[in-house]
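Written below as structure tokens is the structure these notes are about.
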Amino acid sequence: MLLMEVLGSALLGLALAGVAVRVLAQRLPSPWVVLVSGTLGALFGAYLTQFALGPGHNTLTATLVGSVLVSAVVLSLLLRPGAGPRRSSHRAPMSLAPRG
């Protein structure tokens, strides 16, 4: 059972990272970093879920869900801001708005 949890978590993390690389390639660092981070995040998520559930509550589904959630959080930390239109501020920082 433990081997299935580890392999399943690693594969789900790798799949989630692969989807992130394909969809958000412009906003992420190199694909190698994303794939490794997604996989390691999923493995850590599986360990964290097992630790949180405690002994006697070995459910494969809960472990896989926990691993995917932690992997998604790790991947979201790698995102850079988008290059969309930004509102330019003509005011100096910490200045008061003019009253008219």
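Letters A, B, ... mark the chains of the structure tokens in the order given; residue numbers begin at 1 per chain; ligand numbers begin at 1, in order shown.
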* **Near-A:Leu77 list (12 Å; only C-alpha atoms; drop same-chain fewer than 2 positions) as a ChimeraX atom specification** => /A:27-29,34,37-38,41,70-75,79-81
What are the nearest atom pairs, with distances in Å to one decimal, for all residues of stretch 21-89 of chain A that come at most 7 Å from stretch 6-14 of chain A, using only C-alpha atoms, set out by chain and rising residue number as a tab-separated table?
residue	atom	partner	partner_atom	distance
A:Leu35	CA	A:Leu14	CA	5.9
A:Gly38	CA	A:Gly13	CA	5.0
A:Thr39	CA	A:Gly13	CA	4.4
A:Ala42	CA	A:Gly13	CA	5.0
A:Leu43	CA	A:Ser9	CA	5.9
A:Ala46	CA	A:Ser9	CA	6.5
A:Leu64	CA	A:Ser9	CA	5.7
A:Ser67	CA	A:Ser9	CA	5.9
A:Val68	CA	A:Gly13	CA	6.2
A:Ser71	CA	A:Gly13	CA	6.0
* Separation of atom CA of A:Val36 from atom CA of A:Thr49, in Å and rounded to one decimal -> 19.8 Å
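Interatomic distance, atom CA of A:Leu40 against atom CA of A:Ala62: 17.7 Å.
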